[in-house]
file input.cif (mmCIF, C-alpha atoms)
data_coords
#
loop_
_atom_site.group_PDB
_atom_site.id
_atom_site.type_symbol
_atom_site.label_atom_id
_atom_site.label_comp_id
_atom_site.auth_asym_id
_atom_site.auth_seq_id
_atom_site.Cartn_x
_atom_site.Cartn_y
_atom_site.Cartn_z
ATOM 1 C CA MET A 594 125.539 62.097 -116.239
ATOM 2 C CA THR A 595 127.284 61.347 -112.989
ATOM 3 C CA VAL A 596 125.790 59.666 -109.982
ATOM 4 C CA SER A 597 126.615 61.146 -106.612
ATOM 5 C CA ASN A 598 128.433 59.045 -104.056
ATOM 6 C CA THR A 599 125.396 59.311 -101.773
ATOM 7 C CA ASN A 600 123.102 57.806 -104.402
ATOM 8 C CA ARG A 601 125.653 55.138 -105.300
ATOM 9 C CA LYS A 602 126.027 54.200 -101.624
ATOM 10 C CA ALA A 603 122.234 54.055 -101.156
ATOM 11 C CA ALA A 604 121.868 51.892 -104.260
ATOM 12 C CA THR A 605 124.606 49.536 -103.041
ATOM 13 C CA GLU A 606 122.974 49.235 -99.608
ATOM 14 C CA TYR A 607 119.573 48.624 -101.198
ATOM 15 C CA ASN A 608 121.079 45.921 -103.426
ATOM 16 C CA LYS A 609 122.678 44.202 -100.397
ATOM 17 C CA LYS A 610 119.398 44.255 -98.452
ATOM 18 C CA LEU A 611 117.474 42.947 -101.446
ATOM 19 C CA ARG A 612 119.905 40.046 -101.920
ATOM 20 C CA SER A 613 119.797 39.272 -98.200
ATOM 21 C CA PHE A 614 115.980 39.229 -98.297
ATOM 22 C CA GLU A 615 116.067 36.924 -101.321
ATOM 23 C CA ARG A 616 118.441 34.459 -99.599
ATOM 24 C CA GLY A 617 116.267 34.455 -96.474
ATOM 25 C CA TYR A 618 113.106 34.000 -98.521
ATOM 26 C CA ARG A 619 114.569 30.976 -100.290
ATOM 27 C CA LYS A 620 115.741 29.444 -97.017
ATOM 28 C CA GLU A 621 112.638 30.231 -94.951
ATOM 29 C CA ARG A 622 109.836 29.857 -97.520
ATOM 30 C CA ILE A 623 110.698 28.138 -100.778
ATOM 31 C CA VAL A 624 112.958 25.294 -99.553
ATOM 32 C CA PRO A 625 110.537 24.245 -96.748
ATOM 33 C CA PHE A 626 107.670 24.375 -99.264
ATOM 34 C CA ILE A 627 109.579 22.093 -101.663
ATOM 35 C CA ARG A 628 110.418 19.695 -98.818
ATOM 36 C CA ASP A 629 106.745 19.541 -97.846
ATOM 37 C CA VAL A 630 105.624 18.842 -101.421
ATOM 38 C CA VAL A 631 108.248 16.071 -101.670
ATOM 39 C CA ARG A 632 106.929 14.580 -98.398
ATOM 40 C CA GLN A 633 103.397 14.627 -99.852
ATOM 41 C CA LEU A 634 104.665 13.017 -103.065
ATOM 42 C CA MET A 635 106.511 10.294 -101.135
ATOM 43 C CA THR A 636 103.436 9.640 -98.964
ATOM 44 C CA GLU A 637 101.316 9.082 -102.066
ATOM 45 C CA VAL A 638 103.929 6.883 -103.787
ATOM 46 C CA TRP A 639 104.208 4.831 -100.582
ATOM 47 C CA ARG A 640 100.397 4.550 -100.393
ATOM 48 C CA LEU A 641 100.201 3.408 -104.014
ATOM 49 C CA SER A 642 102.942 0.787 -103.602
ATOM 50 C CA PRO A 643 101.454 -2.706 -103.241
ATOM 51 C CA TYR A 644 101.157 -3.315 -99.504
ATOM 52 C CA ASN A 645 102.031 -6.978 -99.867
ATOM 53 C CA LEU A 646 105.478 -5.969 -101.155
ATOM 54 C CA GLY A 647 107.247 -4.508 -98.123
ATOM 55 C CA THR A 648 110.590 -4.628 -99.924
ATOM 56 C CA LEU A 649 109.254 -2.403 -102.688
ATOM 57 C CA ARG A 650 107.799 0.067 -100.180
ATOM 58 C CA SER A 651 110.951 0.197 -98.064
ATOM 59 C CA SER A 652 113.201 0.737 -101.085
ATOM 60 C CA TRP A 653 111.766 4.077 -102.174
ATOM 61 C CA MET A 654 114.332 6.757 -101.607
ATOM 62 C CA ILE A 655 114.480 10.499 -102.105
ATOM 63 C CA THR A 656 117.969 11.724 -102.887
ATOM 64 C CA SER A 657 119.418 15.196 -103.109
ATOM 65 C CA ASP A 658 122.301 15.427 -105.580
ATOM 66 C CA SER A 659 122.470 11.605 -105.711
ATOM 67 C CA SER A 660 123.084 11.152 -102.002
ATOM 68 C CA GLY A 661 120.816 9.660 -99.384
ATOM 69 C CA ARG A 662 120.021 6.573 -97.354
ATOM 70 C CA LEU A 663 117.145 4.096 -97.490
ATOM 71 C CA PRO A 664 114.372 4.139 -94.869
ATOM 72 C CA ALA A 665 114.744 1.876 -91.834
ATOM 73 C CA SER A 666 111.573 -0.084 -92.701
ATOM 74 C CA ASP A 667 108.499 0.044 -94.918
ATOM 75 C CA SER A 668 106.438 2.022 -92.375
ATOM 76 C CA LEU A 669 105.288 5.458 -93.492
ATOM 77 C CA GLU A 670 106.936 7.071 -90.453
ATOM 78 C CA ASP A 671 110.333 5.613 -91.418
ATOM 79 C CA VAL A 672 109.881 6.561 -95.076
ATOM 80 C CA LEU A 673 109.069 10.177 -94.139
ATOM 81 C CA ALA A 674 111.990 10.246 -91.678
ATOM 82 C CA MET A 675 114.210 9.194 -94.608
ATOM 83 C CA VAL A 676 112.816 12.071 -96.709
ATOM 84 C CA ASP A 677 113.527 14.555 -93.917
ATOM 85 C CA ARG A 678 117.027 13.168 -93.346
ATOM 86 C CA ASN A 679 117.959 13.070 -97.035
ATOM 87 C CA LEU A 680 116.645 16.588 -97.717
ATOM 88 C CA ARG A 681 118.168 18.150 -94.598
ATOM 89 C CA THR A 682 120.891 19.876 -96.648
ATOM 90 C CA PHE A 683 118.786 20.502 -99.753
ATOM 91 C CA THR A 684 119.193 23.878 -101.458
ATOM 92 C CA LEU A 685 117.628 25.196 -104.652
ATOM 93 C CA ASN A 686 120.662 24.400 -106.780
ATOM 94 C CA LYS A 687 120.444 20.660 -106.012
ATOM 95 C CA GLU A 688 118.490 17.972 -107.838
ATOM 96 C CA ILE A 689 115.895 15.856 -106.028
ATOM 97 C CA ALA A 690 115.333 12.321 -107.310
ATOM 98 C CA LEU A 691 112.828 9.614 -106.385
ATOM 99 C CA GLU A 692 114.439 6.199 -106.745
ATOM 100 C CA ASN A 693 113.728 2.524 -106.155
ATOM 101 C CA ASP A 694 116.317 -0.101 -107.006
ATOM 102 C CA VAL A 695 114.154 -3.196 -106.435
ATOM 103 C CA PRO A 696 114.420 -5.242 -109.672
ATOM 104 C CA TYR A 697 110.649 -5.539 -110.127
ATOM 105 C CA ALA A 698 109.825 -1.868 -109.341
ATOM 106 C CA GLU A 699 109.891 -1.023 -113.037
ATOM 107 C CA LEU A 700 107.320 -3.754 -113.792
ATOM 108 C CA TYR A 701 104.917 -2.237 -111.278
ATOM 109 C CA GLU A 702 105.544 1.346 -112.361
ATOM 110 C CA PHE A 703 105.221 0.813 -116.110
ATOM 111 C CA GLY A 704 102.663 -2.000 -116.107
ATOM 112 C CA GLY A 705 104.821 -4.812 -117.401
ATOM 113 C CA PHE A 706 103.650 -7.509 -114.999
ATOM 114 C CA GLU A 707 102.644 -10.656 -116.898
ATOM 115 C CA PRO A 708 99.819 -12.799 -115.495
ATOM 116 C CA ALA A 709 101.086 -15.913 -113.726
ATOM 117 C CA ASN A 710 97.953 -17.849 -114.583
ATOM 118 C CA PRO A 711 96.927 -17.903 -118.269
ATOM 119 C CA ALA A 712 93.268 -18.265 -117.326
ATOM 120 C CA TYR A 713 93.322 -14.769 -115.855
ATOM 121 C CA ALA A 714 95.096 -13.305 -118.884
ATOM 122 C CA GLU A 715 91.769 -13.391 -120.727
ATOM 123 C CA ILE A 716 90.314 -10.836 -118.300
ATOM 124 C CA GLY A 717 93.565 -8.868 -118.146
ATOM 125 C CA GLY A 718 94.383 -9.926 -114.601
ATOM 126 C CA SER A 719 96.428 -12.309 -112.527
ATOM 127 C CA LEU A 720 96.310 -14.080 -109.208
ATOM 128 C CA ALA A 721 99.694 -12.398 -108.596
ATOM 129 C CA LEU A 722 101.489 -15.348 -107.092
ATOM 130 C CA HIS A 723 104.219 -12.962 -105.960
ATOM 131 C CA VAL A 724 102.300 -12.502 -102.700
ATOM 132 C CA PRO A 725 104.382 -13.918 -99.832
ATOM 133 C CA VAL A 726 103.424 -17.497 -98.975
ATOM 134 C CA GLU A 727 102.089 -16.538 -95.528
ATOM 135 C CA ARG A 728 99.607 -14.063 -97.108
ATOM 136 C CA ARG A 729 98.481 -16.060 -100.148
ATOM 137 C CA ALA A 730 95.408 -17.446 -98.388
ATOM 138 C CA GLU A 731 94.003 -13.944 -97.829
ATOM 139 C CA LYS A 732 94.614 -13.046 -101.495
ATOM 140 C CA ARG A 733 93.490 -16.328 -103.045
ATOM 141 C CA GLY A 734 90.887 -15.766 -105.737
ATOM 142 C CA LYS A 735 91.464 -12.000 -105.907
ATOM 143 C CA VAL A 736 92.799 -10.364 -109.026
ATOM 144 C CA LEU A 737 95.706 -8.128 -108.040
ATOM 145 C CA ILE A 738 97.161 -7.334 -111.464
ATOM 146 C CA VAL A 739 95.090 -5.771 -114.243
ATOM 147 C CA ASP A 740 96.630 -4.919 -117.620
ATOM 148 C CA GLY A 741 100.114 -5.310 -116.154
ATOM 149 C CA TYR A 742 99.547 -2.887 -113.263
ATOM 150 C CA ASN A 743 98.852 -3.667 -109.623
ATOM 151 C CA VAL A 744 95.237 -2.714 -108.847
ATOM 152 C CA VAL A 745 96.467 -0.368 -106.084
ATOM 153 C CA ALA A 746 98.253 1.834 -108.641
ATOM 154 C CA PRO A 747 96.486 1.341 -111.975
ATOM 155 C CA GLN A 748 98.793 3.772 -113.813
ATOM 156 C CA GLY A 749 101.967 3.406 -111.763
ATOM 157 C CA MET A 750 103.072 4.509 -108.314
ATOM 158 C CA VAL A 751 105.264 7.471 -109.240
ATOM 159 C CA SER A 752 102.831 8.617 -111.927
ATOM 160 C CA GLY A 753 100.022 8.554 -109.378
ATOM 161 C CA GLY A 754 102.169 10.365 -106.820
ATOM 162 C CA LEU A 755 103.113 13.080 -109.293
ATOM 163 C CA GLU A 756 99.488 13.482 -110.334
ATOM 164 C CA TYR A 757 98.560 13.928 -106.661
ATOM 165 C CA ALA A 758 101.380 16.451 -106.047
ATOM 166 C CA ASN A 759 100.367 18.413 -109.155
ATOM 167 C CA SER A 760 96.756 18.498 -107.969
ATOM 168 C CA LEU A 761 97.939 19.888 -104.615
ATOM 169 C CA LEU A 762 99.909 22.616 -106.352
ATOM 170 C CA SER A 763 97.108 23.557 -108.739
ATOM 171 C CA SER A 764 94.634 23.795 -105.846
ATOM 172 C CA GLY A 765 96.801 26.418 -104.142
ATOM 173 C CA TYR A 766 98.478 24.125 -101.616
ATOM 174 C CA GLY A 767 100.988 26.030 -99.518
ATOM 175 C CA GLU A 768 99.812 29.516 -100.386
ATOM 176 C CA THR A 769 100.851 32.195 -97.941
ATOM 177 C CA PRO A 770 100.665 35.973 -98.180
ATOM 178 C CA TYR A 771 104.285 35.851 -99.381
ATOM 179 C CA PHE A 772 104.116 32.849 -101.674
ATOM 180 C CA LYS A 773 101.488 31.952 -104.243
ATOM 181 C CA VAL A 774 101.723 28.832 -106.382
ATOM 182 C CA VAL A 775 101.247 29.484 -110.078
ATOM 183 C CA THR A 776 100.804 26.563 -112.445
ATOM 184 C CA LEU A 777 101.336 26.872 -116.155
#

call {"tool": "encode", "arguments": {"input": "input.cif", "output": "structure tokens"}}
result
Amino acid sequence: MTVSNTNRKAATEYNKKLRSFERGYRKERIVPFIRDVVRQLMTEVWRLSPYNLGTLRSSWMITSDSSGRLPASDSLEDVLAMVDRNLRTFTLNKEIALENDVPYAELYEFGGFEPANPAYAEIGGSLALHVPVERRAEKRGKVLIVDGYNVVAPQGMVSGGLEYANSLLSSGYGETPYFKVVTL
């Protein structure tokens, strides 16, 4: 069976238009959707980071293919500006990573914080003497660490952020007539 040149030409043109549509769809729909979900994730991770630890909050960084810069401060506006800046050149073939290189970030994420006062260890908490000296008076007598986790993020900051992002996706967040989120 032979295919006529007219049919071959039409098939080639159709293939080109289909590929062009696919590239535009990725650029105009999917990549902005991913950026928005990453912004929502970073907002939740920032919210769950202990507010008395500005260094921890200002050290969260989103990278694309292992490149990016830290936010200018621990304010949410600066953190989201960092996300936008670091994902400016993001494409679907790149990896996105959420990082924090503060030495104690792992303790807060995985619940390894040991109570500073043995008396509070009996109830699974701590006075958390890591609070900066100028803010200790407002925190005095309050338990800030329970079972190794900060009370703000009882199962970890990134875990809580991912749980929030997954709940957004499963609720249909970002659905448009051209894009429907399907969770497995």

call {"tool": "closest_atom_pairs", "arguments": {"input": "input.cif", "of": "range 644-716 of chain A", "to": "range 751-762 of chain A", "cutoff": "12 Å", "atoms": "only C-alpha atoms", "output": "JSON lines"}}
result
{"residue": "A:Arg650", "atom": "CA", "partner": "A:Val751", "partner_atom": "CA", "distance": 12.0}
{"residue": "A:Trp653", "atom": "CA", "partner": "A:Val751", "partner_atom": "CA", "distance": 10.2}
{"residue": "A:Met654", "atom": "CA", "partner": "A:Val751", "partner_atom": "CA", "distance": 11.9}
{"residue": "A:Ala690", "atom": "CA", "partner": "A:Val751", "partner_atom": "CA", "distance": 11.3}
{"residue": "A:Leu691", "atom": "CA", "partner": "A:Val751", "partner_atom": "CA", "distance": 8.4}
{"residue": "A:Glu692", "atom": "CA", "partner": "A:Val751", "partner_atom": "CA", "distance": 9.6}
{"residue": "A:Asn693", "atom": "CA", "partner": "A:Val751", "partner_atom": "CA", "distance": 10.3}
{"residue": "A:Ala698", "atom": "CA", "partner": "A:Val751", "partner_atom": "CA", "distance": 10.4}
{"residue": "A:Glu699", "atom": "CA", "partner": "A:Val751", "partner_atom": "CA", "distance": 10.4}
{"residue": "A:Tyr701", "atom": "CA", "partner": "A:Val751", "partner_atom": "CA", "distance": 9.9}
{"residue": "A:Glu702", "atom": "CA", "partner": "A:Val751", "partner_atom": "CA", "distance": 6.9}
{"residue": "A:Phe703", "atom": "CA", "partner": "A:Ser752", "partner_atom": "CA", "distance": 9.2}
{"residue": "A:Gly704", "atom": "CA", "partner": "A:Ser752", "partner_atom": "CA", "distance": 11.4}

call {"tool": "resolve_selection", "arguments": {"input": "input.cif", "expression": "the PyMOL selection byres ((chain A and resi 669) around 12)", "output": "list in words"}}
result
Arg632, Gln633, Met635, Thr636, Glu637, Val638, Trp639, Arg640, Leu641, Ser642, Tyr644, Gly647, Arg650, Ser651, Ser652, Trp653, Pro664, Ala665, Ser666, Asp667, Ser668, Glu670, Asp671, Val672, Leu673, Ala674, Met675 and Val676 of chain A

call {"tool": "atom_distance", "arguments": {"input": "input.cif", "atom1": "CA of Arg616 in chain A", "atom2": "CA of Gly661 in chain A"}}
result
24.9 Å

call {"tool": "atom_distance", "arguments": {"input": "input.cif", "atom1": "CA of Thr656 in chain A", "atom2": "CA of Glu688 in chain A"}}
result
8.0 Å

call {"tool": "atom_distance", "arguments": {"input": "input.cif", "atom1": "CA of Thr684 in chain A", "atom2": "CA of Arg612 in chain A"}}
result
16.2 Å

call {"tool": "residues_around", "arguments": {"input": "input.cif", "residues": "Lys687 in chain A", "least_positions_apart": "4", "cutoff": "9 Å", "atoms": "all atoms listed in the file", "output": "ChimeraX atom specification"}}
result
/A:657-658,683

call {"tool": "residues_near_point", "arguments": {"input": "input.cif", "point": "(112.9, 26.5, -103.7)", "cutoff": "12 Å", "atoms": "all atoms listed in the file", "output": "compact mmCIF listing (two decimals) with C-alpha atoms, keeping the file's coordinate frame"}}
result
# COMPACT_ATOMS: atom_id res chain seq x y z
CA GLU A 615 116.07 36.92 -101.32
CA ARG A 616 118.44 34.46 -99.60
CA GLY A 617 116.27 34.46 -96.47
CA TYR A 618 113.11 34.00 -98.52
CA ARG A 619 114.57 30.98 -100.29
CA LYS A 620 115.74 29.44 -97.02
CA GLU A 621 112.64 30.23 -94.95
CA ARG A 622 109.84 29.86 -97.52
CA ILE A 623 110.70 28.14 -100.78
CA VAL A 624 112.96 25.29 -99.55
CA PRO A 625 110.54 24.24 -96.75
CA PHE A 626 107.67 24.38 -99.26
CA ILE A 627 109.58 22.09 -101.66
CA ARG A 628 110.42 19.70 -98.82
CA ASP A 629 106.74 19.54 -97.85
CA VAL A 630 105.62 18.84 -101.42
CA VAL A 631 108.25 16.07 -101.67
CA PHE A 683 118.79 20.50 -99.75
CA THR A 684 119.19 23.88 -101.46
CA LEU A 685 117.63 25.20 -104.65
CA ASN A 686 120.66 24.40 -106.78
CA LYS A 687 120.44 20.66 -106.01
CA GLU A 688 118.49 17.97 -107.84
CA ILE A 689 115.90 15.86 -106.03
CA PHE A 772 104.12 32.85 -101.67
CA VAL A 774 101.72 28.83 -106.38

call {"tool": "axis_aligned_box", "arguments": {"input": "input.cif", "around": "range 737-752 of chain A", "padding_each_side": "5 Å", "output": "AutoDock Vina command-line options"}}
result
--center_x 100.2 --center_y 0.2 --center_z -111.9 --size_x 20.2 --size_y 26.7 --size_z 21.5
